[in-house]
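Participant: After the structure tokens below, expect a handful of questions from me.
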Amino acid sequence: MRYPEFKQPFNYAQVGADILQWWQENGIFEKSVSTREGRPSFVFYEGPPSANGAPGIHHVMARTVKDIFCRYQTLKGFQVNRKGGWDTHGLPIELQVEKELGITKEDIGKKITVEEYNQRCRETVMRFKHQWDELTEKMGYWVDLSDPYITFEPEYIESCWALLKKLYDKGLLYKGYTIQPYSPAAGTGLSSHELNQPGTYKDVKDTTIVAEFEVKRDEQSEKLFALADGLPVFILAWTTTPWTLPANTGLAVGKNIRYAVVRTYNPYTREPQVVVLAKDLLSRHFSEKGAEASLEEYKAGDKVLPWRQLAEFSGGELVGISYQRLFSTEAGFPAFEGEERAFRVIPGDFVTTEDGTGIVHISPTFGADDFRVAQQNDIPALLVADDQGKLGPIVDRTGRYAAQMGEFGGRWVKNYDGHDDSAADYRTLDVDISVRLKERGRAFKVEKYEHTYPHCWRTDKPVLYYPLDSWFIKTTAVKDRLIELNKTINWKPESTGTGRFGNWLENLVDWNLSRSRYWGTPLPIWRTQDGSEEICIGSIAELSAEIDKAVAAEVMTHNPIKSGEMTDLHRPYVDDIFLVSPSGQPMYRETDLIDVWFDSGAMPYAQWHYPFENHDTFERNFPADFIAEGVDQTRGWFFTLHALGVMLEDSVAFKNVIANGLVLDKNGNKMSKRLGNAIDPFKTIDQYGPDATRWYMIANAQPWDNLKFDLAGITEVQRRFFGTLFNTYSFYALYANLDEFQAREFDRVPLTELSELDRWILSKLQSLILEVRGHFDNYDPTKAARAIQDFVTDQLSNWYVRLSRGRFRKGELTADKKAAFETLQECLVVVAQLMSPIAPFFGEWLYRNMTNGMRAEAMAKTTPLRHESVHLSELVEAEEHLIDKALEERMDLAQRISSLTHSLRKKSVLKVRQPLQRILVPVLTETTREQVGKVEDLICAEVNVKHVEFLDDTSGVLVKSVKPNFKRLGQQFGPRLKAVAARIQQMTPEEISQLEKVGQLAVEVEGQPVTLSPEDVEIRTEDLPGWLVATDGPLTVALDVTLTDELRHEGIARELVNRLQNLRKDSGLEVQDKIRVTLGANQPELVQAVEAFGEYIRTETQALSLDLTNGLADGAVLEFDEYSVPVRLEVVKS
RNA sequence: GGGCUUGUAGCUCAGGUGGUUAGAGCGCGACACUGAUAAUGUCGAGGUCCGUGGUUCGAGUCCACGCAGGCCCA
């Protein structure tokens, strides 16, 4: 057997396993790289995954996208190195280890040494590596797993250090501080990337306060007191974080916002007072009834708060007013440096009248905007000294009030330590502060309010905005260049590049590098205690040289690098190294680690240990031609790659990028283990096979759209696409083997001798090659997949093979039969190749089944099919001269005429098995007649009629109608179009005829002469009087339903064939088995049919003889229509 | 609140530059075809193309404003 044959049901998962094994045994992946040595390279960067968790189905999606283009470019002849990598540092691993050990950050260095802790991280981070490797192999993702880059290795860290030093030398690395999101529970500042984690922003109900700040009476405020009639005046400010109120040092107003001065009462103490708030927000705080209620008669128990607006001021007029501190030193709260400059009204550009009071309470240590406007207006922050005398905010790093904070000293700002807060009388700090303010008449409104607030993505606790020392990379210095170069990157989809990424670049801030953690790349900067001298280390050698100086200065006892004691650059070892400054001062390492995103952004350099070695390799592999990751990486890996590329090389780091969307469950919900709707990638691949899984993911939606993952979709792909392709192959294999046919690359039937059908499918095939190449080149795998699928199912299987079956089945191996085999063989081999980037296993299976028999000769003659694997082959070029548009057009006509005829048969209840005499096709042009004439045989065979009859003008039976060509007429007539169109629809047959013959027609529309040309209308035939017709656009078909005796007899013959074939099948006969048939001669029509068409019946059913007899009583009976025919069937063993 | 994005049949998706009957597959019902086919064909049921305005002779398509979902950020 030359072509392997397979039984249904076909096991696609097994193909995956078998091909995988064959790849591994024969080193096909390695060969796909090594055989391209010396060819131009296509550079791909693997974004490193972290192996501290099990891979999910979305990883199959992401990696399929990556794999497709690497395989495609390999087919195109490029060498595609794919170095794998692992992302190993960072908070997720640390938190996982803490959880497993049952410790917190505070315990590190106490309950467990940093050394042990980091060792534990190192072990944990690769825990799921074997699962990742297994998935990589099973899904057919080709990446070099044997020599991956690993971000915790000394060489990798050393590269990062070298890059940092380059930035340092360029002045792009600096120490500063900002108000940053900070997670007291995790004990760390949160990067913007971490705050970008899904689920970070949550709706929470907090106690909120509209606090009353009592205005001091002075020159500035006299205009208010002049209205107040002796009452105290308060400024109202709203906050959702009452715990920041004791740190208040200023109030911000909008310069152009209008503020109202209102006479009213304190709702809690019922004291009369005057308050100030934004005019636009009056209705939020006061009712309409209150404006009418008597000011004088307000008393305890009244629900309606009376109020009167006294005056209006702009924010600018309020600036400079002073007010009393809310929590005073007299009440036990601490004095602080610069207090005399505090408690003033200042302008703030961020103030709105969206909510609150239009006045914003400012605590410079707890808000980024606050910090900025406070600095601009010389408002001090409230700072207190810690036990070492160092000044800091009123909240310490664990999220607790400083001891100095009077009655609230030592209180938790939020529940960061997990204390029991379930008791009914439990009161949060926010509540206690509210209560105190209410008692003192300093609260105007206290209420629970639901708003969104960021939470630490891992501990789930609310973040604090908190001042932290930080090292920054000054990305703002190269902002313009980042934007400029970004415009040269081909983003898929484009909007992610221009919108999401581009807008982000437009609003860039400096990159905060610092992380106060343990497991990560240490910041290689040493400083003197006073910070006046510092050094940035760029290599191990440099560090060693500096240690030598320190040893000489007796700051260090010996050099642990030279002695071989220090082989790891992580903490705690680097922290034990002290250097000496030029002035002889000891220098200590800045204890920060760097953002893990620096690690991954550094992979173009660090994966090669550049700049310490592999200069050539780096040069050859920078920048990347292609990367692909999830859209969530936009401000993560995509950004850090780009930023470092621009800052270090003044270049993009990648030229083409696909940002793929999320994989959701079939209902569009996010997959999560908790909800139990997560799809197990291993089970999916085991059950459906890798190819159908990959194909479904790619064909169903564009990679950058979210994918609603539905297993039923894989089944459909498997049935419809892979099933059809498998069957097409099986058909080829079955008949090729029966004929002992072996395709060769030589001695093929010449093109000129091929049938219409052959030349048609080959034309379609070339168009497909062009189309698929175009889509892949354009990084659009979905359109490529859909084009291949449509070709295989609609064109190849459902038209070419369907209409060619007879050619394969019958007789000797004639030139026509050989041509059919060769054409189908050509199509299948090309399809195998085109599909192989998306379905690498099935593509390989099909390619090898189709070509293994040709290999020896191909190798001997060095022809295209010499390659043992489709993935080693070279992508076929479209032979454009084979594309015959006229042929494609007339085949399209054949398909549509057939479809119309089927439709007519259905209406007339005439099954296809019943032959009919003719169909009638009106033709308006000679070319249509010629086109249809060339495919007449195909149509007749498909719809079982004897011939196609054309009707033209001379027949005198055509009824024509016209349809306005709106596109053309609209441009010509504009507003008059409706009238013109109406006139056209009223055209008489004579007018139509004149338009056709003369080439123009003068008519009158609304009293105006209008000249119509044939292009202005579409002339079509719609009806044949006396005939049942079907139409499809300009095509009309009529069916002659007259049945003659001969046609009836042939119909009977075909029924007999059908029943006999079924009987053969049911009896378990093979296709090539011969039979002898005896039929009961019990009906005259039947006897006539058998006599007339006996030869036909015998050929179709492989019958050596076909006899009629009256004596058949027992045995099987063939039943159809009104007939019931006894039959005896004998098998003839050959 | 801002940026980006999606909204077309029960489901998944197509619908260059505006053109008058909005398509496909799946699913559902019926009938048919088939010695490769668990495939396929024909017919049928199923659409206020998210809404409201606007531009235009003409809007699923362009513009504005909304609504709903998603992602990212404040």
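Labeling convention for the structure tokens: chains A, B, ... as they appear, residues from 1 per chain, ligands from 1 in order of appearance.
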Please identify every residue of chain B that has at least one atom no more than 10 Å from any atom of chain A, counting only C-alpha atoms (C1' of nucleotides), and report them as a VMD selection string.

Facilitator: chain B and resid 1 3 to 6 11 to 13 18 to 20 25 to 26 31 to 43 56 to 58 69 to 73

Participant: From the DSSP assignment of the backbone, select every residue of range 465-541 of chain A that is strand (DSSP E), and format the answer as a ChimeraX atom specification.

Facilitator: /A:465-473,490-492,511-512,514-515,525-528,534-536

Participant: What residues in range 805-929 of chain A get the DSSP label alpha helix (DSSP H)? Please answer as number ranges by chain.

Facilitator: A: 805-809, 815-835, 840-851, 855-861, 885-908, 926-929

Participant: Could you name the residues that touch Asn849 in chain A at 7 Å or less, counting only C-alpha atoms (C1' of nucleotides), but leaving out those on the same chain fewer than 3 positions away, as a short mmCIF file (atom, residue, chain, number, x, y, z; two decimals) with all heavy atoms, in the first residue's frame?

Facilitator:
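Saved result, out-v9.cif, follows:
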data_model
loop_
_atom_site.label_atom_id
_atom_site.label_comp_id
_atom_site.auth_asym_id
_atom_site.auth_seq_id
_atom_site.Cartn_x
_atom_site.Cartn_y
_atom_site.Cartn_z
N TYR A 3 -0.09 4.59 -0.22
CA TYR A 3 -0.61 5.69 0.63
C TYR A 3 -1.32 5.07 1.82
O TYR A 3 -2.24 4.27 1.64
CB TYR A 3 -1.59 6.55 -0.17
CG TYR A 3 -0.93 7.30 -1.30
CD1 TYR A 3 -0.98 6.82 -2.62
CD2 TYR A 3 -0.24 8.49 -1.06
CE1 TYR A 3 -0.37 7.50 -3.66
CE2 TYR A 3 0.37 9.17 -2.08
CZ TYR A 3 0.30 8.69 -3.39
OH TYR A 3 0.91 9.37 -4.40
N PRO A 4 -0.90 5.42 3.02
CA PRO A 4 -1.54 4.82 4.20
C PRO A 4 -3.03 5.12 4.24
O PRO A 4 -3.45 6.23 3.91
CB PRO A 4 -0.84 5.53 5.37
CG PRO A 4 0.37 6.19 4.80
CD PRO A 4 0.12 6.40 3.35
N TRP A 845 1.45 15.28 9.01
CA TRP A 845 0.84 13.96 8.74
C TRP A 845 0.41 13.90 7.28
O TRP A 845 0.72 12.95 6.57
CB TRP A 845 -0.36 13.80 9.68
CG TRP A 845 -1.19 12.57 9.50
CD1 TRP A 845 -1.00 11.36 10.11
CD2 TRP A 845 -2.35 12.44 8.67
NE1 TRP A 845 -1.97 10.49 9.71
CE2 TRP A 845 -2.81 11.11 8.82
CE3 TRP A 845 -3.04 13.30 7.81
CZ2 TRP A 845 -3.94 10.63 8.15
CZ3 TRP A 845 -4.16 12.82 7.14
CH2 TRP A 845 -4.59 11.50 7.32
N LEU A 846 -0.27 14.92 6.82
CA LEU A 846 -0.78 14.92 5.46
C LEU A 846 0.37 14.99 4.45
O LEU A 846 0.40 14.26 3.47
CB LEU A 846 -1.72 16.12 5.27
CG LEU A 846 -2.38 16.29 3.91
CD1 LEU A 846 -3.16 15.04 3.53
CD2 LEU A 846 -3.31 17.51 3.90
N ASN A 852 5.74 10.62 1.05
CA ASN A 852 6.77 9.66 1.42
C ASN A 852 7.17 8.76 0.25
O ASN A 852 8.34 8.42 0.08
CB ASN A 852 6.31 8.79 2.60
CG ASN A 852 6.55 9.51 3.92
OD1 ASN A 852 7.17 10.58 3.94
ND2 ASN A 852 6.06 8.93 5.00
#
